[in-house]
Amino acid sequence: MQGKVVVVGSLNMDLIVRAPRLPRGGETLTGHDFSTAAGGKGANQAVAAARLGAQVAMVGCVGADAYGARLRTGLISEGIDCKAVSEIDGVPTGIASILVDDAGQNAIVIVAGGNGALTPQHLSAQAQLLADAQVLIVQLEVPDATVEAAMKLGREAGCTVILNPAPVAGPLPAHWYGMADYLIPNESEAAALTGLPVGSPQSALPAARSLLQAGARRVLITLGAQGVLYADAERHAHFAVAPVAAVDTTAAGDTFVGGFAAALAAGQPLEAAIALGQQAAALAVTRPGAQPSIPYRHELPA
């Protein structure tokens, strides 16, 4: 795969605590491990796309601090073009505080830091970067105005635009739905966007149809161990996934998005792109951490 993917989004340092279970409100638990790892939904998706075969460029902001330098160095070591990753004085690099229980489930608190400093003005100098790309990926860990500007520029450049609406607390601006070629929420994000319960392929279909009615072109709802539900105006399909023993689900969705984007950028059909994303995500959840868990193409079935 040699297609080009541009990711506009977040770079975080993940601060990871492991405990037997997630705490209840007001409760103090004793954890059994602490580590740091490169993360942020944008950076995770960039790493996934690069490891799964795409040429990748990252657009984002970090603080002028040790975490920021480590994140940029890490992306560069993956072969990712970081010329459009800016260091911002006076703000810290974004962080994600991640609690992972012994069942592999997680709870995450994000502090935007430098990610909040990524403005539409940063994108204005990246017209050629987008013009050279086949696929643009955006998420919601940077300011809304920047997300909208990126999608607009991506469409003008002829990119296939992927919007991963995460994290999300409610409906998106109505005009956003038609700006993305693919809308890829997980089950909780699909529920937040539509107000409908989503917990299975059957319950995901009404939510997908609601998103199509809102203006989405194509919808993929990722359902963890239950696979992916795809829908567009013409058809819908459920793509199951083989069961695995999950260790840590952090970055599973980002791995799917990055793999899906890499396949699309290389001209692969929809079904092959979904399969690559699923295979990569299934392997990622068997490993701890965000970016450390993301597999390389050679680790997946041919």
# chains A, B, ... in the order shown; residues from 1 in each chain; ligands from 1
$ residues_around --residues "Val142 in chain A" --least-positions-apart "5" --cutoff "10 Å" --atoms "only C-alpha atoms" --output "list in words"
Val8, Gly9, Ser10, Leu11, Lys41, Gly42, Gly60, Cys61, Ala112, Gly113, Gly114, Asn115, Gly116, Ala117, Leu118, Thr119 and Val147 of chain A
$ residues_around --residues "range 190-199 of chain A" --least-positions-apart "3" --cutoff "8 Å" --atoms "only C-alpha atoms" --output "list of chain:residue names"
A:Val168, A:Ala169, A:Gly170, A:Pro171, A:Leu172, A:Pro185, A:Asn186, A:Glu187, A:Ser203, A:Ala204, A:Pro206, A:Ala207, A:Ala208, A:Ser210, A:Leu211, A:Ile221, A:Leu223
$ closest_atom_pairs --of "range 121-198 of chain A" --to "range 247-261 of chain A" --cutoff "12 Å" --atoms "only C-alpha atoms" --output "JSON lines"
{"residue": "A:Ala133", "atom": "CA", "partner": "A:Ala261", "partner_atom": "CA", "distance": 11.2}
{"residue": "A:Gln134", "atom": "CA", "partner": "A:Ala261", "partner_atom": "CA", "distance": 9.1}
{"residue": "A:Val135", "atom": "CA", "partner": "A:Ala261", "partner_atom": "CA", "distance": 6.5}
{"residue": "A:Leu136", "atom": "CA", "partner": "A:Ala261", "partner_atom": "CA", "distance": 8.2}
{"residue": "A:Ile137", "atom": "CA", "partner": "A:Ala261", "partner_atom": "CA", "distance": 7.7}
{"residue": "A:Val138", "atom": "CA", "partner": "A:Val257", "partner_atom": "CA", "distance": 10.2}
{"residue": "A:Gln139", "atom": "CA", "partner": "A:Asp254", "partner_atom": "CA", "distance": 9.9}
{"residue": "A:Cys159", "atom": "CA", "partner": "A:Ala261", "partner_atom": "CA", "distance": 11.2}
{"residue": "A:Thr160", "atom": "CA", "partner": "A:Ala261", "partner_atom": "CA", "distance": 8.9}
{"residue": "A:Val161", "atom": "CA", "partner": "A:Ala261", "partner_atom": "CA", "distance": 9.3}
{"residue": "A:Ile162", "atom": "CA", "partner": "A:Ala261", "partner_atom": "CA", "distance": 7.8}
{"residue": "A:Leu163", "atom": "CA", "partner": "A:Val257", "partner_atom": "CA", "distance": 9.4}
{"residue": "A:Asn164", "atom": "CA", "partner": "A:Val257", "partner_atom": "CA", "distance": 7.7}
{"residue": "A:Pro165", "atom": "CA", "partner": "A:Gly253", "partner_atom": "CA", "distance": 11.1}
{"residue": "A:Ala166", "atom": "CA", "partner": "A:Gly253", "partner_atom": "CA", "distance": 9.7}
{"residue": "A:Pro167", "atom": "CA", "partner": "A:Gly253", "partner_atom": "CA", "distance": 11.5}
{"residue": "A:Asp181", "atom": "CA", "partner": "A:Ala261", "partner_atom": "CA", "distance": 11.5}
{"residue": "A:Tyr182", "atom": "CA", "partner": "A:Ala261", "partner_atom": "CA", "distance": 10.0}
{"residue": "A:Leu183", "atom": "CA", "partner": "A:Val257", "partner_atom": "CA", "distance": 10.3}
{"residue": "A:Ile184", "atom": "CA", "partner": "A:Val257", "partner_atom": "CA", "distance": 7.7}
{"residue": "A:Pro185", "atom": "CA", "partner": "A:Gly253", "partner_atom": "CA", "distance": 8.7}
{"residue": "A:Asn186", "atom": "CA", "partner": "A:Gly253", "partner_atom": "CA", "distance": 7.4}
{"residue": "A:Glu187", "atom": "CA", "partner": "A:Gly253", "partner_atom": "CA", "distance": 10.7}
{"residue": "A:Ser188", "atom": "CA", "partner": "A:Gly253", "partner_atom": "CA", "distance": 11.9}
{"residue": "A:Glu189", "atom": "CA", "partner": "A:Gly253", "partner_atom": "CA", "distance": 11.5}
$ closest_residue --among "A:Gly53, A:Pro120, A:Glu148, A:Ser77" --to "Arg297 in chain A" --atoms "only C-alpha atoms"
A:Gly53
$ closest_residue --among "A:Ala262, A:Leu276, A:Leu29, A:Ile95" --to "Val111 in chain A" --atoms "only C-alpha atoms"
A:Ile95
$ residues_around --residues "Leu229 in chain A" --least-positions-apart "5" --cutoff "9 Å" --atoms "only C-alpha atoms" --output "MDAnalysis selection string"
chainID A and resid 201:202 204:205 208 219:223 236:240
$ write_last_selection --atoms "N, CA and C atoms" --output "PDB file, in the first residue's frame"
ATOM      1  N   PRO A 201     -25.305  -5.347  16.579  1.00  0.00           N
ATOM      2  CA  PRO A 201     -25.515  -5.026  15.167  1.00  0.00           C
ATOM      3  C   PRO A 201     -26.961  -4.676  14.852  1.00  0.00           C
ATOM      4  N   GLN A 202     -27.893  -5.327  15.534  1.00  0.00           N
ATOM      5  CA  GLN A 202     -29.315  -5.055  15.287  1.00  0.00           C
ATOM      6  C   GLN A 202     -29.709  -3.659  15.738  1.00  0.00           C
ATOM      7  N   ALA A 204     -27.630  -1.212  16.157  1.00  0.00           N
ATOM      8  CA  ALA A 204     -26.813  -0.219  15.460  1.00  0.00           C
ATOM      9  C   ALA A 204     -27.456   0.227  14.153  1.00  0.00           C
ATOM     10  N   LEU A 205     -28.248  -0.639  13.527  1.00  0.00           N
ATOM     11  CA  LEU A 205     -28.814  -0.297  12.222  1.00  0.00           C
ATOM     12  C   LEU A 205     -29.759   0.908  12.292  1.00  0.00           C
ATOM     13  N   ALA A 208     -27.567   3.931  12.549  1.00  0.00           N
ATOM     14  CA  ALA A 208     -26.907   4.241  11.275  1.00  0.00           C
ATOM     15  C   ALA A 208     -27.886   4.912  10.323  1.00  0.00           C
ATOM     16  N   VAL A 219     -21.864   5.348   6.740  1.00  0.00           N
ATOM     17  CA  VAL A 219     -21.681   5.211   8.184  1.00  0.00           C
ATOM     18  C   VAL A 219     -21.088   3.844   8.493  1.00  0.00           C
ATOM     19  N   LEU A 220     -20.048   3.819   9.309  1.00  0.00           N
ATOM     20  CA  LEU A 220     -19.526   2.585   9.879  1.00  0.00           C
ATOM     21  C   LEU A 220     -19.569   2.732  11.396  1.00  0.00           C
ATOM     22  N   ILE A 221     -20.356   1.897  12.052  1.00  0.00           N
ATOM     23  CA  ILE A 221     -20.409   1.899  13.515  1.00  0.00           C
ATOM     24  C   ILE A 221     -19.577   0.721  14.005  1.00  0.00           C
ATOM     25  N   THR A 222     -18.489   1.030  14.715  1.00  0.00           N
ATOM     26  CA  THR A 222     -17.635  -0.032  15.244  1.00  0.00           C
ATOM     27  C   THR A 222     -18.226  -0.525  16.561  1.00  0.00           C
ATOM     28  N   LEU A 223     -18.275  -1.852  16.710  1.00  0.00           N
ATOM     29  CA  LEU A 223     -18.978  -2.476  17.829  1.00  0.00           C
ATOM     30  C   LEU A 223     -18.064  -3.379  18.653  1.00  0.00           C
ATOM     31  N   HIS A 236     -26.932  -2.054   3.619  1.00  0.00           N
ATOM     32  CA  HIS A 236     -26.244  -2.156   4.902  1.00  0.00           C
ATOM     33  C   HIS A 236     -25.688  -3.570   5.035  1.00  0.00           C
ATOM     34  N   ALA A 237     -24.660  -3.718   5.862  1.00  0.00           N
ATOM     35  CA  ALA A 237     -24.032  -5.019   6.062  1.00  0.00           C
ATOM     36  C   ALA A 237     -23.341  -5.049   7.412  1.00  0.00           C
ATOM     37  N   HIS A 238     -23.357  -6.247   8.017  1.00  0.00           N
ATOM     38  CA  HIS A 238     -22.646  -6.454   9.277  1.00  0.00           C
ATOM     39  C   HIS A 238     -21.391  -7.261   8.990  1.00  0.00           C
ATOM     40  N   PHE A 239     -20.245  -6.784   9.471  1.00  0.00           N
ATOM     41  CA  PHE A 239     -18.969  -7.463   9.298  1.00  0.00           C
ATOM     42  C   PHE A 239     -18.524  -7.976  10.666  1.00  0.00           C
ATOM     43  N   ALA A 240     -18.641  -9.289  10.861  1.00  0.00           N
ATOM     44  CA  ALA A 240     -18.282  -9.900  12.137  1.00  0.00           C
ATOM     45  C   ALA A 240     -16.767  -9.973  12.272  1.00  0.00           C
TER      46      ALA A 240
END
$ residues_around --residues "range 79-92 of chain A" --least-positions-apart "4" --cutoff "8 Å" --atoms "only C-alpha atoms" --output "list of chain:residue names"
A:Ala46, A:Val47, A:Ala50, A:Gln55, A:Val56, A:Ala57, A:Met58, A:Val59, A:Gly60, A:Cys61, A:Val62, A:Gly63, A:Ala64, A:Asp65, A:Gly68, A:Arg72, A:Leu75, A:Gly113, A:Gly114, A:Ala117, A:Gln126
$ select_by_dssp --residues "range 68-256 of chain A" --states "alpha helix (DSSP H)" --output "ChimeraX atom specification"
/A:68-77,120-123,127-131,144-157,187-194,201-213,252-256
$ atom_distance --atom1 "CA of Ala38 in chain A" --atom2 "CA of Pro292 in chain A"
7.9 Å
$ select_by_dssp --residues "range 47-264 of chain A" --states "strand (DSSP E)" --output "number ranges by chain"
A: 55-63, 81-88, 94-100, 106-111, 135-138, 160-163, 182-183, 218-222, 228-232, 236-239
$ residues_around --residues "Phe34 in chain A" --least-positions-apart "3" --cutoff "9 Å" --atoms "only C-alpha atoms" --output "list in words"
Leu15, Ile16, Val17, Arg18 and Gly31 of chain A
$ write_last_selection --atoms "all heavy atoms" --output "PDB file, in the first residue's frame"
ATOM      1  N   LEU A  15      -1.014   8.716  30.124  1.00  0.00           N
ATOM      2  CA  LEU A  15      -0.570   8.359  31.473  1.00  0.00           C
ATOM      3  C   LEU A  15      -1.475   7.220  31.921  1.00  0.00           C
ATOM      4  O   LEU A  15      -2.660   7.431  32.205  1.00  0.00           O
ATOM      5  CB  LEU A  15      -0.686   9.561  32.407  1.00  0.00           C
ATOM      6  CG  LEU A  15      -0.118  10.886  31.857  1.00  0.00           C
ATOM      7  CD1 LEU A  15      -0.352  12.021  32.847  1.00  0.00           C
ATOM      8  CD2 LEU A  15       1.365  10.746  31.530  1.00  0.00           C
ATOM      9  N   ILE A  16      -0.941   6.008  31.976  1.00  0.00           N
ATOM     10  CA  ILE A  16      -1.756   4.798  32.076  1.00  0.00           C
ATOM     11  C   ILE A  16      -1.617   4.165  33.460  1.00  0.00           C
ATOM     12  O   ILE A  16      -0.510   3.850  33.906  1.00  0.00           O
ATOM     13  CB  ILE A  16      -1.342   3.779  31.001  1.00  0.00           C
ATOM     14  CG1 ILE A  16      -1.379   4.435  29.619  1.00  0.00           C
ATOM     15  CG2 ILE A  16      -2.237   2.539  31.037  1.00  0.00           C
ATOM     16  CD1 ILE A  16      -0.563   3.705  28.568  1.00  0.00           C
ATOM     17  N   VAL A  17      -2.756   3.986  34.112  1.00  0.00           N
ATOM     18  CA  VAL A  17      -2.813   3.324  35.410  1.00  0.00           C
ATOM     19  C   VAL A  17      -3.621   2.034  35.252  1.00  0.00           C
ATOM     20  O   VAL A  17      -4.707   2.047  34.656  1.00  0.00           O
ATOM     21  CB  VAL A  17      -3.466   4.220  36.475  1.00  0.00           C
ATOM     22  CG1 VAL A  17      -3.634   3.464  37.790  1.00  0.00           C
ATOM     23  CG2 VAL A  17      -2.649   5.484  36.693  1.00  0.00           C
ATOM     24  N   ARG A  18      -3.112   0.935  35.780  1.00  0.00           N
ATOM     25  CA  ARG A  18      -3.822  -0.333  35.741  1.00  0.00           C
ATOM     26  C   ARG A  18      -4.295  -0.694  37.150  1.00  0.00           C
ATOM     27  O   ARG A  18      -3.546  -0.553  38.117  1.00  0.00           O
ATOM     28  CB  ARG A  18      -2.938  -1.445  35.166  1.00  0.00           C
ATOM     29  CG  ARG A  18      -2.536  -1.151  33.737  1.00  0.00           C
ATOM     30  CD  ARG A  18      -1.722  -2.262  33.104  1.00  0.00           C
ATOM     31  NE  ARG A  18      -1.397  -1.867  31.734  1.00  0.00           N
ATOM     32  CZ  ARG A  18      -2.215  -2.013  30.704  1.00  0.00           C
ATOM     33  NH1 ARG A  18      -3.389  -2.589  30.881  1.00  0.00           N
ATOM     34  NH2 ARG A  18      -1.873  -1.590  29.508  1.00  0.00           N
ATOM     35  N   GLY A  31      -3.788   0.664  42.531  1.00  0.00           N
ATOM     36  CA  GLY A  31      -3.447   0.137  41.226  1.00  0.00           C
ATOM     37  C   GLY A  31      -2.217  -0.748  41.293  1.00  0.00           C
ATOM     38  O   GLY A  31      -1.539  -0.822  42.319  1.00  0.00           O
TER      39      GLY A  31
END
$ decode --residues "range 211-258 of chain A" --atoms "N, CA and C atoms" --output "compact mmCIF listing (two decimals), in the first residue's frame"
# COMPACT_ATOMS: atom_id res chain seq x y z
N LEU A 211 -28.33 8.48 11.25
CA LEU A 211 -27.19 9.30 10.83
C LEU A 211 -27.24 9.58 9.33
N LEU A 212 -27.69 8.60 8.55
CA LEU A 212 -27.86 8.82 7.11
C LEU A 212 -28.94 9.87 6.85
N GLN A 213 -30.02 9.80 7.61
CA GLN A 213 -31.09 10.79 7.46
C GLN A 213 -30.62 12.19 7.85
N ALA A 214 -29.65 12.25 8.77
CA ALA A 214 -29.09 13.54 9.18
C ALA A 214 -28.17 14.13 8.12
N GLY A 215 -27.81 13.30 7.12
CA GLY A 215 -26.99 13.81 6.02
C GLY A 215 -25.70 13.06 5.79
N ALA A 216 -25.38 12.08 6.66
CA ALA A 216 -24.15 11.31 6.48
C ALA A 216 -24.20 10.56 5.15
N ARG A 217 -23.07 10.45 4.49
CA ARG A 217 -22.99 9.75 3.21
C ARG A 217 -22.87 8.24 3.42
N ARG A 218 -21.92 7.85 4.28
CA ARG A 218 -21.69 6.44 4.59
C ARG A 218 -21.35 6.36 6.08
N VAL A 219 -21.86 5.35 6.74
CA VAL A 219 -21.68 5.21 8.18
C VAL A 219 -21.09 3.84 8.49
N LEU A 220 -20.05 3.82 9.31
CA LEU A 220 -19.53 2.59 9.88
C LEU A 220 -19.57 2.73 11.40
N ILE A 221 -20.36 1.90 12.05
CA ILE A 221 -20.41 1.90 13.51
C ILE A 221 -19.58 0.72 14.00
N THR A 222 -18.49 1.03 14.72
CA THR A 222 -17.64 -0.03 15.24
C THR A 222 -18.23 -0.52 16.56
N LEU A 223 -18.27 -1.85 16.71
CA LEU A 223 -18.98 -2.48 17.83
C LEU A 223 -18.06 -3.38 18.65
N GLY A 224 -16.77 -3.09 18.65
CA GLY A 224 -15.84 -3.88 19.44
C GLY A 224 -15.85 -5.33 18.99
N ALA A 225 -16.06 -6.24 19.95
CA ALA A 225 -16.04 -7.67 19.66
C ALA A 225 -17.17 -8.11 18.75
N GLN A 226 -18.17 -7.23 18.56
CA GLN A 226 -19.31 -7.58 17.69
C GLN A 226 -19.12 -7.09 16.26
N GLY A 227 -17.95 -6.57 15.93
CA GLY A 227 -17.65 -6.25 14.55
C GLY A 227 -18.01 -4.83 14.16
N VAL A 228 -18.43 -4.65 12.91
CA VAL A 228 -18.72 -3.35 12.32
C VAL A 228 -20.03 -3.41 11.56
N LEU A 229 -20.86 -2.38 11.74
CA LEU A 229 -22.09 -2.23 10.97
C LEU A 229 -21.89 -1.12 9.95
N TYR A 230 -22.03 -1.45 8.67
CA TYR A 230 -21.89 -0.47 7.60
C TYR A 230 -23.25 -0.17 7.00
N ALA A 231 -23.49 1.12 6.67
CA ALA A 231 -24.74 1.48 6.00
C ALA A 231 -24.52 2.69 5.11
N ASP A 232 -25.17 2.67 3.95
CA ASP A 232 -25.28 3.86 3.11
C ASP A 232 -26.70 3.91 2.58
N ALA A 233 -26.97 4.78 1.64
CA ALA A 233 -28.34 4.95 1.17
C ALA A 233 -28.86 3.73 0.42
N GLU A 234 -27.94 2.89 -0.06
CA GLU A 234 -28.34 1.75 -0.89
C GLU A 234 -28.40 0.43 -0.13
N ARG A 235 -27.56 0.28 0.88
CA ARG A 235 -27.45 -1.04 1.51
C ARG A 235 -26.88 -0.93 2.91
N HIS A 236 -26.93 -2.05 3.62
CA HIS A 236 -26.24 -2.16 4.90
C HIS A 236 -25.69 -3.57 5.03
N ALA A 237 -24.66 -3.72 5.86
CA ALA A 237 -24.03 -5.02 6.06
C ALA A 237 -23.34 -5.05 7.41
N HIS A 238 -23.36 -6.25 8.02
CA HIS A 238 -22.65 -6.45 9.28
C HIS A 238 -21.39 -7.26 8.99
N PHE A 239 -20.24 -6.78 9.47
CA PHE A 239 -18.97 -7.46 9.30
C PHE A 239 -18.52 -7.98 10.67
N ALA A 240 -18.64 -9.29 10.86
CA ALA A 240 -18.28 -9.90 12.14
C ALA A 240 -16.77 -9.97 12.27
N VAL A 241 -16.31 -10.22 13.49
CA VAL A 241 -14.88 -10.34 13.77
C VAL A 241 -14.65 -11.55 14.66
N ALA A 242 -13.55 -12.25 14.46
CA ALA A 242 -13.23 -13.42 15.27
C ALA A 242 -12.92 -12.99 16.71
N PRO A 243 -13.35 -13.77 17.69
CA PRO A 243 -13.10 -13.39 19.09
C PRO A 243 -11.63 -13.47 19.45
N VAL A 244 -11.19 -12.54 20.31
CA VAL A 244 -9.82 -12.54 20.83
C VAL A 244 -9.87 -12.28 22.32
N ALA A 245 -8.77 -12.57 23.02
CA ALA A 245 -8.68 -12.29 24.45
C ALA A 245 -8.14 -10.88 24.62
N ALA A 246 -9.03 -9.93 24.94
CA ALA A 246 -8.63 -8.53 25.04
C ALA A 246 -7.82 -8.27 26.30
N VAL A 247 -6.73 -7.53 26.14
CA VAL A 247 -5.90 -7.09 27.26
C VAL A 247 -6.14 -5.61 27.53
N ASP A 248 -6.29 -4.81 26.48
CA ASP A 248 -6.44 -3.35 26.61
C ASP A 248 -7.09 -2.84 25.32
N THR A 249 -8.27 -2.25 25.44
CA THR A 249 -8.99 -1.78 24.25
C THR A 249 -8.59 -0.37 23.82
N THR A 250 -7.66 0.26 24.55
CA THR A 250 -7.21 1.60 24.18
C THR A 250 -6.67 1.59 22.76
N ALA A 251 -7.12 2.53 21.94
CA ALA A 251 -6.66 2.72 20.56
C ALA A 251 -7.18 1.68 19.58
N ALA A 252 -8.09 0.80 20.01
CA ALA A 252 -8.64 -0.18 19.06
C ALA A 252 -9.39 0.53 17.94
N GLY A 253 -10.22 1.50 18.31
CA GLY A 253 -10.96 2.24 17.29
C GLY A 253 -10.04 3.04 16.39
N ASP A 254 -9.01 3.62 16.97
CA ASP A 254 -8.04 4.39 16.16
C ASP A 254 -7.30 3.47 15.18
N THR A 255 -7.00 2.26 15.63
CA THR A 255 -6.33 1.31 14.75
C THR A 255 -7.23 0.94 13.59
N PHE A 256 -8.51 0.73 13.88
CA PHE A 256 -9.45 0.42 12.79
C PHE A 256 -9.50 1.57 11.78
N VAL A 257 -9.65 2.79 12.27
CA VAL A 257 -9.75 3.95 11.38
C VAL A 257 -8.49 4.10 10.53
N GLY A 258 -7.31 3.97 11.17
CA GLY A 258 -6.07 4.10 10.43
C GLY A 258 -5.90 3.03 9.37
